[in-house]
Each structure stands twice: as C-alpha cells, then as structure tokens.
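Here's the structure, in structure tokens; my notes come after.
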Amino acid sequence: MSNYPIGIFDSGVGGTSIFKEIHALLPNENIIYLADSRNAPYGNKTQEEIKNLSIKNTEYLLNKGCKIIVVACNTATTNAITYLRESYEVPFIGIEPAIKPAALNTKTNAVGILATKGTLSSQLFHKTSDLYANGIKVVEQIGEGIVPLIESGKLNSDEMKDLLQLYLEPMLKANIDYLVLGCTHYPYLIPMLETMLPEGVKIIDSGLAVAKQTKAVLQSQDLLNLDEATPSVKLHSNSNVEVLNTLVDGNFETTFLDF
C-alpha cells in the first residue's frame, strides 16, 4: 500500500496551502487533492451538512485507493473528523487553529484568531482554547466573506483589503502579538496581512505541522512511499479550475470533476 496516494480534501482551493507543504515534505508521494468549491464555504453550514459533505469527499478518495486522508479544512476537522475516524479504517489527519503555540508564547496576553463560524463555534475549538488559553484574551473574528472572495479569484482585491481592515481592528485595539489563521484558505492572505499588521505581530498557520504529522503517521504505519519515480499528483475541483491553477502556480495537473 505504500505507493497508494495520499488523499486531501477541503471545502475549496484553500487546502492547497496544506497540499504544498505535504508535497514539499514528501516529494515521492502520489497525491489526490479534492476541492469541493461548489459547496464552499463550509463555515456557515450546519454540523450535519458539514459531516455529509466530508463523508462524500472521503468516500471519493477511498474509492481512488487513498491510504491516508488529510482533512485540509478547519471546519470539516472540528465538525466531522471524530465521525470519520470512527467510520473508516484509514488514518485521518485533521487541522485545527494553532491556538496552543500562540497562547504559550504571547507576551501581551492577547492573541487574535481569524476563522470560520463553523470552526469558532465547534466543541473541538473551545476545548483546545479552554485548555491552553486560560487567562489570555482571545479575540475571535469570523472571516465572513473571505473564502468566497478567494474562491472567485479576488485574493488581492480592494474588497479583500477592506474586509481584513475591518476584522483586524478589534484585534489591534486589544494589542495582540499573535494572529492565528483558522482556515486553510487564509495563508494566501499572509502577504497582505503582513502589510497591515504592526511589525511585532506574528502570524501562525498550521500547514507545516500538518505535513509533519502526515509524515509521522505514514512512517509509523510503514506506509511511506520510498519509490523515487515521478509521483502522480492530481488536483480536482468541482468549480473554477482556473483559480486552482493560479494558486498552485500551474505546476500540477488540475481537472474539473463533477462530484
């Protein structure tokens, strides 16, 4: 099974930020990436809707022979990964906001988190936040409208800049020194965020940590692909493939998939 592909799914193109980290760390691995952009964003859906979409994505990837599945979506992880792990035999890697390192390292005792409604309202997020951020001011901000702008190719638009200014304002008033990105779409905002944040504010996303965890799990189960032949890397979207192409710099095979 070691040469079977890694499966990755997200509510859209944002999970390509995770895909890039995994591909860079594990260059021999075959990968299938699934962007469910037609149903993006997941963040404003009910838990039942999120679970059903996650099941659909998982079963597509399992039918393609995937040996491990990376849920490259904070909202799907926090709302559905427990069910997925209980229902399927393959290992699952999830992603949740990196509130722990922010809370442990803050000097101002104030951190900001930009995430979807689905993530911020989930039990898993609150459990992690209560565990590590006790006594620290956590300024939570729902990133309403960000994912649709990225999915429609408006990453660097004036609309995006106006939204970010609005969302950052209460965080800066609280004197945060860490900004946690709680959605895999959001790392694509880092260049813009760096121009808008004071120099002392550090931005944290979970991409590299997820890649390292994926490698560790594959290694522990003797599933690492050691074949040095050129891997098969396929990226699928059920919406605008051009946006997917732009974010992965046109270096990979991207196809429209009606699912």
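How things are named: the first chain in the structure tokens is A, the next is B, and so on; residues count from 1 in each chain; ligands count from 1 in the order shown.
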Determine which residues of stretch 40-224 of chain A receive a DSSP assignment of alpha helix (DSSP H), computed from the backbone, and state them as a VMD selection string. chain A and resid 47 to 63 74 to 87 99 to 105 117 to 120 123 to 132 146 to 151 158 to 173 190 to 196 207 to 220
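Distances from A:Ala72, A:Asp158, A:Ala211, A:Tyr188 to A:Ala24 were compared using only C-alpha atoms, and the smallest one belongs to A:Ala211.
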Please provide the set of residues having any atom within 8 Å of stretch 81-94 of chain A, restricted to only C-alpha atoms, with same-chain residues fewer than 2 positions apart removed, written as a ChimeraX atom specification. /A:51,55,67-74,76-79,96,210,213-214,217
Could you build a table of the residues in stretch 216-235 of chain A lying no more than 12 Å from stretch 248-251 of chain A, giving for each the nearest pair of atoms and their separation in Å rounded to one decimal place, using only C-alpha atoms, ordered by chain and ascending residue number, as JSON lines?
{"residue": "A:Val233", "atom": "CA", "partner": "A:Asn251", "partner_atom": "CA", "distance": 10.1}
{"residue": "A:Lys234", "atom": "CA", "partner": "A:Asn251", "partner_atom": "CA", "distance": 10.8}
{"residue": "A:Leu235", "atom": "CA", "partner": "A:Val248", "partner_atom": "CA", "distance": 9.5}
Could the residues in this selection be written to a file with N, CA and C atoms, as a short mmCIF file (atom, residue, chain, number, x, y, z; two decimals), in the first residue's frame?
data_model
loop_
_atom_site.label_atom_id
_atom_site.label_comp_id
_atom_site.auth_asym_id
_atom_site.auth_seq_id
_atom_site.Cartn_x
_atom_site.Cartn_y
_atom_site.Cartn_z
N VAL A 233 0.48 13.36 -9.21
CA VAL A 233 -0.16 14.39 -8.39
C VAL A 233 -1.34 14.95 -9.17
N LYS A 234 -2.55 14.73 -8.65
CA LYS A 234 -3.76 15.16 -9.35
C LYS A 234 -4.59 16.06 -8.44
N LEU A 235 -4.96 17.22 -8.97
CA LEU A 235 -5.78 18.16 -8.22
C LEU A 235 -7.10 18.36 -8.94
#
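Of the listed residues A:Ile95, A:Ile6, A:Ala216, A:Val139, the one whose atoms come nearest to A:Leu114 is A:Val139, with distances taken using only C-alpha atoms.
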Counting only C-alpha atoms, what is within 9 Å of stretch 172-174 of chain A, bar same-chain residues fewer than 4 positions away, as a short mmCIF file (atom, residue, chain, number, x, y, z; two decimals) with all heavy atoms, in the first residue's frame?
data_model
loop_
_atom_site.label_atom_id
_atom_site.label_comp_id
_atom_site.auth_asym_id
_atom_site.auth_seq_id
_atom_site.Cartn_x
_atom_site.Cartn_y
_atom_site.Cartn_z
N ALA A 110 -2.58 38.61 24.74
CA ALA A 110 -3.71 38.81 23.83
C ALA A 110 -3.36 38.22 22.47
O ALA A 110 -2.31 38.54 21.90
CB ALA A 110 -4.06 40.28 23.70
N VAL A 111 -4.21 37.34 21.97
CA VAL A 111 -4.00 36.76 20.65
C VAL A 111 -5.28 36.87 19.84
O VAL A 111 -6.39 36.89 20.41
CB VAL A 111 -3.56 35.28 20.73
CG1 VAL A 111 -2.26 35.13 21.50
CG2 VAL A 111 -4.64 34.40 21.35
N GLY A 112 -5.13 36.98 18.54
CA GLY A 112 -6.29 37.05 17.66
C GLY A 112 -6.43 35.76 16.89
O GLY A 112 -5.45 35.09 16.59
N LYS A 137 -6.45 36.82 26.73
CA LYS A 137 -7.53 37.40 25.93
C LYS A 137 -7.44 36.86 24.50
O LYS A 137 -6.43 37.06 23.81
CB LYS A 137 -7.43 38.92 25.92
CG LYS A 137 -8.59 39.59 25.18
CD LYS A 137 -8.52 41.10 25.31
CE LYS A 137 -9.66 41.79 24.58
NZ LYS A 137 -10.99 41.40 25.10
N VAL A 139 -9.15 37.16 20.96
CA VAL A 139 -10.08 37.95 20.15
C VAL A 139 -10.48 37.12 18.94
O VAL A 139 -9.69 36.92 18.00
CB VAL A 139 -9.45 39.28 19.70
CG1 VAL A 139 -10.47 40.12 18.94
CG2 VAL A 139 -8.90 40.05 20.89
N LEU A 168 -9.35 43.11 11.47
CA LEU A 168 -8.14 43.28 12.30
C LEU A 168 -8.30 44.37 13.36
O LEU A 168 -7.60 44.35 14.38
CB LEU A 168 -6.94 43.62 11.40
CG LEU A 168 -6.44 42.52 10.47
CD1 LEU A 168 -5.32 43.06 9.59
CD2 LEU A 168 -5.96 41.31 11.25
N LEU A 197 -0.34 44.60 9.45
CA LEU A 197 -0.13 44.35 10.88
C LEU A 197 1.13 45.06 11.36
O LEU A 197 2.10 45.20 10.61
CB LEU A 197 0.03 42.85 11.12
CG LEU A 197 -1.23 41.99 10.98
CD1 LEU A 197 -0.85 40.51 10.94
CD2 LEU A 197 -2.21 42.26 12.11
N PRO A 198 1.17 45.47 12.62
CA PRO A 198 2.41 46.01 13.19
C PRO A 198 3.52 44.97 13.12
O PRO A 198 3.26 43.76 13.12
CB PRO A 198 2.03 46.31 14.65
CG PRO A 198 0.54 46.41 14.66
CD PRO A 198 0.06 45.49 13.58
#
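Within stretch 24-82 of chain A, DSSP applied to the backbone places the following residues in strand (DSSP E): Ile31, Ile32, Tyr33, Leu34, Ala35, Ile68, Ile69, Val70 and Val71 of chain A.
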Distance criterion (only C-alpha atoms): nearest to A:Ile18 out of A:Ser206, A:Asn134, A:Thr195, A:Ser157: A:Ser206
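Distances to A:Glu199 were evaluated for A:Ile176, A:Ala80, A:Leu226, A:Val138 using only C-alpha atoms, and the minimum falls at A:Ile176.
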Check the smallest atom-to-atom distance from each of A:Leu179, A:Ala35, A:Leu124, A:Leu155 to A:Thr16 using only C-alpha atoms, then report the winner. A:Ala35
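The protein and nucleic acid residues lying at most 9 Å from A:Gly15 are Ile8, Phe9, Asp10, Ser11, Phe19, Lys20, Tyr33, Leu34, Ala35, Val71, Ala72, Cys73, Cys183, Thr184 and His185 of chain A, with only C-alpha atoms considered and sequence neighbours fewer than 4 positions away removed.
Counting only C-alpha atoms and comparing A:Ser17, A:Thr116, A:Asn57, A:Asn28, the residue that lies closest to A:Asp227 is A:Asn28.
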